[in-house]
Amino acid sequence: MASSVIRPLSRSVNPQEIAFFSKLSAQWWNENGEFGLLHRMNPVRTQFITDKLDLKGLDVLDVGCGGGLLSEGLARLGARTVGIDASASNIQIASHHASTDPSLATTLTYRHTTAEDVLSPPPSSGSGGISIPRQFDAVCSMEVLEHVDDPASFLTTLSQLVKPGGHLFLSTISRTPLAYFLTIFAAEQMLRKVEPGTHTYNKFIKPSELVKFFRELKDEETGKEWIRRWAGSGEVDVRGIVWVPWENQWKLLSRTASEWGGTECNYMFWVRRPEAGPSSTP
Amino acid sequence: MLRTLGNGSARRAGSQLFYARCRQRYASSTTVSQEPEHRDIVIVGGGPVGLALTSALRSSKAVSDALSIELIEASPLSKVSEWNPGPDAFSNRAVSLTNASVEFLRDIGAWEHVDEARTCAVEDMQVWDGLSDARIAFSAPEHLSAPQMSRMTENLNLQRACLRHLAASPSPSVKLSENTKVASVVQEGESEDGWPLVHLSDGRVLRARLLIGADGPNSPVRAYARIPCYGHAYATSGIVATLFHAPPHPLSANAHNSTAFQRFLTTGPIAFLPLQGGSSPQVPGSYGRPTTSSLVWSTTPELAKALIGSGEEVLSLMVNAAFRMPDVSLRYLNDIILSAHRSGTTISPEALREEIGFRERAHGVPGHASMLLEGSETMGMGMPSEGEDLLPPLVHGIQKGTPASFPLRYNHAEVYLGGEKGRGRTALVGDAAHSVHPLAGQGLNLGLADVRELVRCVEAAVRVGGDVGSLPALEAYPRARYLANHTVMSTCDKLHKLYTHGSALSPVVWARSVGLEVVNEMDTLKAGMMGAAGGRPEDALRAGLGAKTNWDLAVKALGAVGGAVQAAKIVRGVVGGVVGRATGRAP
Ligand SMILES: Cc1cc2nc3c(=O)[nH]c(=O)nc-3n(C[C@H](O)[C@H](O)[C@H](O)COP(=O)(O)OP(=O)(O)OC[C@H]3O[C@@H](n4cnc5c(N)ncnc54)[C@H](O)[C@@H]3O)c2cc1C
């Protein structure tokens, strides 16, 4: 457990541990339990992603993969997927769950590591297990941003993990009174659908702040802006996700729902890294 | 992985011997294949629902590209593929498929393999009550896009079509296993989220991501999933048989043999359902040709047994009587049949004819209207007699070997997905999820609607890389179907009870207390047959009636078409009928 990279469940792990993590995994993957809402949000997230690109054969990194909900779906859609999480037990849960599913055997890898360490692997980590790429066709990070302490540096790291021309997908919660009411007051305190303390209001990030960040972000290699001021809407998209209780499902709002598609609470964000090569604008 | 779990649990059990044995079994598993084969979807049951499901999954490119599917059926499906009866011989199992069902089958590409010449459009329906003769007539409303209410189709014709559809578009990911029984299903490992391991009679074990029970009323999948089922057996059996009769009068409304008839007797409803079109100017040589219909007669199990045991000639006389004679006379005839049966004999057709003739004279039935007249009484000579459209043609024969009976029951699984209540990665469709009284001809139609919704879920899940065995992937299925099925089922149940309890009351009391209710229920029934069951929601929407479910739609559509006025008339008819019988007039 001391090593920073935990390989997916292997025979060296003792049976008690298997039992422990299989129980934990059962809890995490219990679709009616605490993570039920998350399970139901997953199809909407994946749909947002597949609307932008065909995943077949692409290298995809899922940062903060948790129990592996998104990673499994991406892998099933044919992406060579790497799921990473800073929590060792999340990786154990995810690995255990995936190991029961033969459709994931060749396409899905989990690592107990951080985005920063994928970008620049610490010398001590060696070459244990299957090597993973440094850059990806798509990088996803779902419901992580609202939990990190330094979002700007986190976003910079993510942006550097994307190949030129590649895609970055985020989902997070906006900082609005409605978001406070729904995610902290209602979900945590009133309904206890989510463990209290899960969210901190002032860590929530508004869509406009994300857009601003990527407008100001100059590409490392080409110096191009990630979102060009006068470009069409082709390379960035923000869409709200709402929970429709009577349908027991989440819905991705259309762009017409409001300026950024009803992004008062949960929303999805997509941006594309500029292609390699010289900038077309002087 | 499996091996790891198996060894782990063995070690926990602390039994060295067991552990050793396990190892031995795994070691010797080269000959007897114990290693489970993975399947994304295992369907148990190759009845009409299981086959339609397989067809529908196959017809979705997204699904059959992504998933491995295997259907397990205990009986020989090759017999169904090779089924090839003569044009005038019909199977005794036929169903009335609603427009919605036919359209669904068309959408998935199975309907084009149905031998349409063996199907028969139902354009009108006559339903009446055996005590009061209160009657309700249904016909396909003008605004429906299809000029029919439903289409009578032999189960085998439909099953064969699905098999032909699958054979015409073979796929390495879709496998059919006939003559194979599911011997047992066990849960993998010891955890509550273990996958189902399906042990087959051929020695194979399938590890199923999703195990679908299309395995009929005694569903082994339902038992494995630990899904409770509530319901009750009706003390009723359904007699089926293939009926031969003269073609309806060419000038009558039923000229094409397109009317279904159903009379509610105190022992249960009897239905006469057209299987073969009558004479038609479009079909050369069809003039005067004998015609075929299907019988579904719900009655007491003992009477069912006695009737079938009495032979085809007695049964056909009794079918004619059941549509024509007043309740008192029918009960009398039933008693004769039953007492013969109880004493181990059967009544001869001649003796029965004599009894019927006697009852007819007592009721003042004029000679020319007797049901005992030989041959085809109309044959296109002269004008059709008055009221001819109100009764089915006289049966003059029954196809050999077709009379059979089935126990009827009401059963509804508490949930359709094991993940909601029992063991996960399981789903139920068709009769495995619900058995309904056949009086509205809805059983298979409900099953096909289940299939449509379940396939929709599977397809949606595949598109987003979902795990098709997981609850979130499937939960829209019961949401779309559970209440809809329940509405139809409980209406049929209520109607059945109204009628079978009617016999305990005097006819007048019965008609007053339940007459109105019956008419209302019949209206709902009508709505169901044409809406939930028959028409398409789009049709009703086009007619400007916004509503959520097909069933609701149909009920509203009726209001608009004038159901209320009709109901009022029928109420008068109920009372009138009772008074008429009380004064001894024949109906
Ligand atoms: C008298 C009567 C009249 C009816 N009329 C109509 C009508 O007009 N309209 C209508 O819509 N419906 C009607 N129905 C209902 C209709 O027939 C049923 O709803 C329909 O047949 C159900 O199909 P199914 O495929 O779900 O089940 P089934 O037809 O029962 O098929 C189940 C299949 O599962 C297989 N199986 C079971 N256990 C195993 C096992 N362990 N291993 C392998 N295979 C297994 C069986 O061999 C069988 O083939 C009527 C029913 C009756 C009894």
# chains A, B, ... in the order shown; residues from 1 in each chain; ligands from 1
$ interface_residues --of "chain B" --to "chain A" --cutoff "8 Å" --atoms "only C-alpha atoms" --output "list in words"
Met1, Thr4, Gly8, His38, Ser191, Glu192, Asp193, Ala461, Arg463, Val464, Gly465, Gly466, Asp467, Ser470, Leu471 and Pro472 of chain B
$ write_last_selection --atoms "C-alpha atoms" --output "CSV table (one decimal), in the first residue's frame"
chain,number,residue,atom,x,y,z
B,1,MET,CA,-11.6,-13.9,-11.5
B,4,THR,CA,-10.2,-16.4,-7.4
B,8,GLY,CA,-11.5,-17.3,-1.6
B,38,HIS,CA,-20.1,-14.8,-21.0
B,191,SER,CA,-22.0,-11.2,-2.9
B,192,GLU,CA,-25.4,-9.7,-3.4
B,193,ASP,CA,-24.3,-8.2,-6.7
B,461,ALA,CA,-27.8,2.1,-22.5
B,463,ARG,CA,-25.3,4.1,-26.8
B,464,VAL,CA,-23.9,5.6,-23.7
B,465,GLY,CA,-21.7,2.7,-22.8
B,466,GLY,CA,-24.0,1.7,-20.0
B,467,ASP,CA,-24.1,-1.7,-18.4
B,470,SER,CA,-27.7,-2.5,-14.3
B,471,LEU,CA,-30.8,-1.0,-12.7
B,472,PRO,CA,-30.3,2.6,-14.0
$ select_by_dssp --residues "range 55-229 of chain A" --states "strand (DSSP E or B)" --output "compact mmCIF listing (two decimals) with all heavy atoms, in the first residue's frame"
# COMPACT_ATOMS: atom_id res chain seq x y z
N ASP A 59 -7.47 7.43 -26.84
CA ASP A 59 -6.92 7.37 -25.48
C ASP A 59 -7.64 8.40 -24.63
O ASP A 59 -7.66 9.58 -24.97
CB ASP A 59 -5.41 7.70 -25.50
CG ASP A 59 -4.60 6.53 -26.00
OD1 ASP A 59 -4.81 5.41 -25.48
OD2 ASP A 59 -3.78 6.72 -26.93
N VAL A 60 -8.24 7.92 -23.55
CA VAL A 60 -9.02 8.81 -22.71
C VAL A 60 -8.58 8.68 -21.26
O VAL A 60 -8.33 7.58 -20.77
CB VAL A 60 -10.53 8.50 -22.84
CG1 VAL A 60 -11.35 9.40 -21.92
CG2 VAL A 60 -11.01 8.65 -24.28
N LEU A 61 -8.46 9.82 -20.60
CA LEU A 61 -8.10 9.83 -19.18
C LEU A 61 -9.29 10.34 -18.37
O LEU A 61 -9.87 11.37 -18.70
CB LEU A 61 -6.89 10.75 -18.96
CG LEU A 61 -6.42 10.91 -17.51
CD1 LEU A 61 -5.79 9.62 -16.99
CD2 LEU A 61 -5.41 12.07 -17.39
N ASP A 62 -9.64 9.59 -17.33
CA ASP A 62 -10.73 10.01 -16.45
C ASP A 62 -10.10 10.39 -15.10
O ASP A 62 -9.67 9.52 -14.34
CB ASP A 62 -11.74 8.87 -16.30
CG ASP A 62 -12.92 9.23 -15.40
OD1 ASP A 62 -13.08 10.44 -15.07
OD2 ASP A 62 -13.68 8.31 -15.03
N VAL A 63 -10.05 11.67 -14.84
CA VAL A 63 -9.39 12.16 -13.63
C VAL A 63 -10.41 12.24 -12.49
O VAL A 63 -11.42 12.92 -12.61
CB VAL A 63 -8.76 13.55 -13.88
CG1 VAL A 63 -8.12 14.09 -12.60
CG2 VAL A 63 -7.75 13.49 -15.01
N ARG A 80 -9.66 3.52 -25.15
CA ARG A 80 -8.64 2.96 -24.25
C ARG A 80 -8.60 3.90 -23.06
O ARG A 80 -8.09 5.02 -23.16
CB ARG A 80 -7.27 2.91 -24.95
CG ARG A 80 -7.08 1.71 -25.87
CD ARG A 80 -5.64 1.62 -26.32
NE ARG A 80 -5.21 2.85 -26.98
CZ ARG A 80 -5.38 3.11 -28.28
NH1 ARG A 80 -5.92 2.20 -29.07
NH2 ARG A 80 -4.98 4.26 -28.81
N THR A 81 -9.19 3.44 -21.97
CA THR A 81 -9.45 4.35 -20.87
C THR A 81 -8.51 4.13 -19.69
O THR A 81 -8.26 3.00 -19.31
CB THR A 81 -10.91 4.15 -20.39
OG1 THR A 81 -11.77 4.25 -21.53
CG2 THR A 81 -11.31 5.18 -19.36
N VAL A 82 -8.03 5.23 -19.14
CA VAL A 82 -7.26 5.17 -17.90
C VAL A 82 -8.04 5.96 -16.86
O VAL A 82 -8.34 7.14 -17.07
CB VAL A 82 -5.85 5.77 -18.07
CG1 VAL A 82 -5.10 5.74 -16.74
CG2 VAL A 82 -5.08 5.03 -19.16
N GLY A 83 -8.41 5.29 -15.78
CA GLY A 83 -9.10 5.99 -14.69
C GLY A 83 -8.11 6.22 -13.56
O GLY A 83 -7.43 5.28 -13.14
N ILE A 84 -8.02 7.45 -13.08
CA ILE A 84 -7.11 7.71 -11.95
C ILE A 84 -7.89 8.35 -10.82
O ILE A 84 -8.88 9.03 -11.03
CB ILE A 84 -5.90 8.61 -12.35
CG1 ILE A 84 -6.39 9.99 -12.81
CG2 ILE A 84 -5.06 7.94 -13.42
CD1 ILE A 84 -5.27 11.02 -12.92
N ASP A 85 -7.43 8.08 -9.61
CA ASP A 85 -8.07 8.69 -8.45
C ASP A 85 -7.03 8.82 -7.35
O ASP A 85 -6.16 7.95 -7.21
CB ASP A 85 -9.25 7.85 -7.98
CG ASP A 85 -10.26 8.68 -7.20
OD1 ASP A 85 -9.95 9.08 -6.05
OD2 ASP A 85 -11.34 8.96 -7.74
N LEU A 108 -9.66 -1.05 -20.16
CA LEU A 108 -9.73 -0.18 -18.99
C LEU A 108 -8.58 -0.44 -18.02
O LEU A 108 -8.30 -1.58 -17.67
CB LEU A 108 -11.08 -0.42 -18.29
CG LEU A 108 -11.40 0.41 -17.06
CD1 LEU A 108 -11.35 1.90 -17.36
CD2 LEU A 108 -12.79 0.05 -16.54
N THR A 109 -7.91 0.63 -17.61
CA THR A 109 -6.82 0.54 -16.63
C THR A 109 -7.09 1.54 -15.52
O THR A 109 -7.50 2.67 -15.81
CB THR A 109 -5.48 0.94 -17.28
OG1 THR A 109 -5.37 0.28 -18.52
CG2 THR A 109 -4.31 0.57 -16.39
N TYR A 110 -6.86 1.13 -14.29
CA TYR A 110 -7.00 2.06 -13.18
C TYR A 110 -5.64 2.31 -12.53
O TYR A 110 -4.81 1.40 -12.43
CB TYR A 110 -7.97 1.53 -12.13
CG TYR A 110 -9.42 1.61 -12.56
CD1 TYR A 110 -10.17 0.45 -12.76
CD2 TYR A 110 -10.03 2.85 -12.76
CE1 TYR A 110 -11.50 0.52 -13.14
CE2 TYR A 110 -11.36 2.92 -13.15
CZ TYR A 110 -12.09 1.76 -13.34
OH TYR A 110 -13.40 1.84 -13.72
N ARG A 111 -5.43 3.55 -12.07
CA ARG A 111 -4.21 3.88 -11.34
C ARG A 111 -4.54 4.73 -10.13
O ARG A 111 -5.35 5.66 -10.25
CB ARG A 111 -3.27 4.72 -12.24
CG ARG A 111 -2.53 3.97 -13.29
CD ARG A 111 -1.59 2.95 -12.68
NE ARG A 111 -1.21 1.97 -13.67
CZ ARG A 111 -0.24 2.16 -14.53
NH1 ARG A 111 0.45 3.28 -14.54
NH2 ARG A 111 0.06 1.23 -15.41
N HIS A 112 -3.87 4.42 -9.04
CA HIS A 112 -3.98 5.29 -7.88
C HIS A 112 -2.92 6.37 -8.03
O HIS A 112 -1.76 6.19 -7.67
CB HIS A 112 -3.77 4.49 -6.59
CG HIS A 112 -3.67 5.36 -5.39
ND1 HIS A 112 -2.85 5.06 -4.33
CD2 HIS A 112 -4.29 6.52 -5.07
CE1 HIS A 112 -2.96 6.01 -3.41
NE2 HIS A 112 -3.82 6.91 -3.84
N PHE A 136 -3.58 12.62 -23.89
CA PHE A 136 -4.76 11.86 -24.26
C PHE A 136 -5.60 12.60 -25.30
O PHE A 136 -5.58 13.82 -25.37
CB PHE A 136 -5.61 11.61 -23.01
CG PHE A 136 -4.89 10.79 -21.97
CD1 PHE A 136 -3.99 11.39 -21.10
CD2 PHE A 136 -5.08 9.42 -21.90
CE1 PHE A 136 -3.30 10.65 -20.16
CE2 PHE A 136 -4.39 8.66 -20.95
CZ PHE A 136 -3.50 9.27 -20.08
N ASP A 137 -6.34 11.79 -26.08
CA ASP A 137 -7.26 12.41 -27.05
C ASP A 137 -8.37 13.15 -26.32
O ASP A 137 -8.90 14.14 -26.80
CB ASP A 137 -7.87 11.33 -27.95
CG ASP A 137 -6.81 10.62 -28.77
OD1 ASP A 137 -6.16 11.31 -29.58
OD2 ASP A 137 -6.62 9.40 -28.58
N ALA A 138 -8.73 12.61 -25.18
CA ALA A 138 -9.75 13.30 -24.38
C ALA A 138 -9.42 13.12 -22.90
O ALA A 138 -8.99 12.06 -22.48
CB ALA A 138 -11.14 12.74 -24.68
N VAL A 139 -9.62 14.20 -22.16
CA VAL A 139 -9.45 14.14 -20.71
C VAL A 139 -10.78 14.54 -20.10
O VAL A 139 -11.40 15.52 -20.52
CB VAL A 139 -8.34 15.10 -20.25
CG1 VAL A 139 -8.30 15.18 -18.72
CG2 VAL A 139 -7.00 14.66 -20.81
N CYS A 140 -11.26 13.71 -19.16
CA CYS A 140 -12.54 14.00 -18.51
C CYS A 140 -12.28 14.14 -17.02
O CYS A 140 -11.47 13.42 -16.44
CB CYS A 140 -13.52 12.85 -18.68
SG CYS A 140 -13.70 12.30 -20.37
N SER A 141 -13.02 15.05 -16.42
CA SER A 141 -12.94 15.13 -14.97
C SER A 141 -14.31 15.57 -14.46
O SER A 141 -14.71 16.71 -14.63
CB SER A 141 -11.85 16.12 -14.57
OG SER A 141 -11.73 16.11 -13.16
N MET A 142 -14.99 14.60 -13.89
CA MET A 142 -16.39 14.83 -13.54
C MET A 142 -16.55 15.05 -12.04
O MET A 142 -16.12 14.22 -11.23
CB MET A 142 -17.24 13.61 -13.95
CG MET A 142 -17.15 13.29 -15.44
SD MET A 142 -17.89 14.59 -16.42
CE MET A 142 -17.03 14.40 -17.96
N VAL A 162 -4.05 17.10 -22.38
CA VAL A 162 -4.81 16.94 -23.63
C VAL A 162 -3.86 17.06 -24.82
O VAL A 162 -3.04 17.98 -24.87
CB VAL A 162 -5.91 18.01 -23.74
CG1 VAL A 162 -6.71 17.85 -25.03
CG2 VAL A 162 -6.84 17.95 -22.53
N LYS A 163 -3.96 16.13 -25.77
CA LYS A 163 -3.16 16.22 -26.99
C LYS A 163 -3.60 17.45 -27.79
O LYS A 163 -4.75 17.85 -27.68
CB LYS A 163 -3.44 14.99 -27.89
CG LYS A 163 -2.79 13.71 -27.47
CD LYS A 163 -3.13 12.64 -28.52
CE LYS A 163 -2.74 11.26 -28.02
NZ LYS A 163 -3.30 10.20 -28.89
N PRO A 164 -2.75 17.99 -28.62
CA PRO A 164 -3.20 19.08 -29.49
C PRO A 164 -4.42 18.63 -30.30
O PRO A 164 -4.44 17.52 -30.84
CB PRO A 164 -2.00 19.32 -30.41
CG PRO A 164 -0.82 18.83 -29.62
CD PRO A 164 -1.33 17.67 -28.80
N GLY A 165 -5.43 19.44 -30.35
CA GLY A 165 -6.66 19.08 -31.06
C GLY A 165 -7.58 18.20 -30.25
O GLY A 165 -8.67 17.85 -30.70
N GLY A 166 -7.12 17.81 -29.06
CA GLY A 166 -7.92 16.91 -28.22
C GLY A 166 -8.99 17.64 -27.44
O GLY A 166 -9.18 18.85 -27.58
N HIS A 167 -9.70 16.88 -26.61
CA HIS A 167 -10.90 17.40 -25.95
C HIS A 167 -10.76 17.37 -24.44
O HIS A 167 -10.18 16.44 -23.89
CB HIS A 167 -12.12 16.56 -26.33
CG HIS A 167 -12.35 16.47 -27.81
ND1 HIS A 167 -13.42 17.08 -28.42
CD2 HIS A 167 -11.64 15.84 -28.79
CE1 HIS A 167 -13.37 16.82 -29.72
NE2 HIS A 167 -12.31 16.07 -29.98
N LEU A 168 -11.36 18.38 -23.81
CA LEU A 168 -11.42 18.37 -22.35
C LEU A 168 -12.88 18.47 -21.93
O LEU A 168 -13.61 19.34 -22.40
CB LEU A 168 -10.62 19.55 -21.79
CG LEU A 168 -10.68 19.73 -20.27
CD1 LEU A 168 -10.06 18.54 -19.54
CD2 LEU A 168 -9.97 21.02 -19.84
N PHE A 169 -13.28 17.55 -21.08
CA PHE A 169 -14.67 17.55 -20.58
C PHE A 169 -14.67 17.69 -19.07
O PHE A 169 -13.96 16.97 -18.37
CB PHE A 169 -15.36 16.23 -20.93
CG PHE A 169 -15.55 16.01 -22.40
CD1 PHE A 169 -14.61 15.30 -23.13
CD2 PHE A 169 -16.67 16.52 -23.04
CE1 PHE A 169 -14.77 15.09 -24.49
CE2 PHE A 169 -16.85 16.31 -24.41
CZ PHE A 169 -15.91 15.60 -25.14
N LEU A 170 -15.49 18.60 -18.60
CA LEU A 170 -15.61 18.78 -17.15
C LEU A 170 -17.08 18.77 -16.77
O LEU A 170 -17.93 19.15 -17.57
CB LEU A 170 -15.02 20.13 -16.73
CG LEU A 170 -13.57 20.41 -17.09
CD1 LEU A 170 -13.25 21.89 -16.86
CD2 LEU A 170 -12.66 19.52 -16.25
N SER A 171 -17.36 18.35 -15.56
CA SER A 171 -18.70 18.63 -15.05
C SER A 171 -18.53 19.10 -13.62
O SER A 171 -17.64 18.65 -12.90
CB SER A 171 -19.60 17.40 -15.11
OG SER A 171 -19.42 16.57 -14.00
N THR A 172 -19.33 20.07 -13.25
CA THR A 172 -19.20 20.62 -11.91
C THR A 172 -20.49 21.34 -11.51
O THR A 172 -21.51 21.19 -12.18
CB THR A 172 -17.95 21.53 -11.83
OG1 THR A 172 -17.75 21.93 -10.49
CG2 THR A 172 -18.09 22.77 -12.71
N ILE A 173 -20.40 22.09 -10.43
CA ILE A 173 -21.59 22.76 -9.91
C ILE A 173 -21.35 24.26 -9.90
O ILE A 173 -20.28 24.72 -9.48
CB ILE A 173 -21.91 22.29 -8.48
CG1 ILE A 173 -22.00 20.76 -8.44
CG2 ILE A 173 -23.20 22.90 -7.97
CD1 ILE A 173 -22.18 20.19 -7.04
N LYS A 218 -3.35 30.53 -22.86
CA LYS A 218 -2.61 30.45 -24.13
C LYS A 218 -2.01 29.06 -24.21
O LYS A 218 -1.47 28.53 -23.23
CB LYS A 218 -1.49 31.50 -24.12
CG LYS A 218 -1.97 32.92 -24.27
CD LYS A 218 -1.61 33.44 -25.65
CE LYS A 218 -1.92 34.90 -25.92
NZ LYS A 218 -2.99 35.53 -25.26
N GLU A 225 -4.88 30.82 -28.40
CA GLU A 225 -5.86 30.85 -27.32
C GLU A 225 -6.76 29.62 -27.44
O GLU A 225 -7.14 29.23 -28.53
CB GLU A 225 -6.73 32.11 -27.42
CG GLU A 225 -5.97 33.37 -27.03
CD GLU A 225 -6.61 34.60 -27.66
OE1 GLU A 225 -7.29 34.46 -28.70
OE2 GLU A 225 -6.40 35.69 -27.10
$ atom_distance --atom1 "CA of Arg226 in chain B" --atom2 "CA of Arg423 in chain B"
6.4 Å
$ select_by_dssp --residues "range 200-293 of chain B" --states "helix (DSSP H, G or I)" --output "list of chain:residue names"
B:Pro220, B:Val221, B:Arg222, B:Ala223, B:Tyr224, B:Ala225
$ residues_around --residues "His434 in chain B" --least-positions-apart "5" --cutoff "12 Å" --atoms "only C-alpha atoms" --output "JSON, numbers by chain"
{"B": [213, 214, 215, 216, 217, 218, 219, 222, 228, 229, 230, 231, 232, 408, 409, 410, 411, 412, 413, 414, 415, 416, 428, 429, 442, 443, 444, 445, 446, 447, 450, 481, 482, 483, 484, 485, 486, 487, 488, 489, 490]}
$ closest_residue --among "B:Pro407, B:Gly397, B:Gly364, B:Pro36" --to "ligand 1" --atoms "only C-alpha atoms and all ligand atoms"
B:Pro407
$ closest_residue --among "A:Val244, A:Val148, A:Val238, A:Phe214" --to "His199 in chain A" --atoms "only C-alpha atoms"
A:Val148
$ atom_distance --atom1 "CA of Ala427 in chain B" --atom2 "CA of Gly67 in chain A"
24.9 Å
$ residues_around --residues "Gln399 in chain B" --least-positions-apart "4" --cutoff "10 Å" --atoms "only C-alpha atoms" --output "PyMOL selection string"
chain B and resi 88-92+241-244+292+312+403
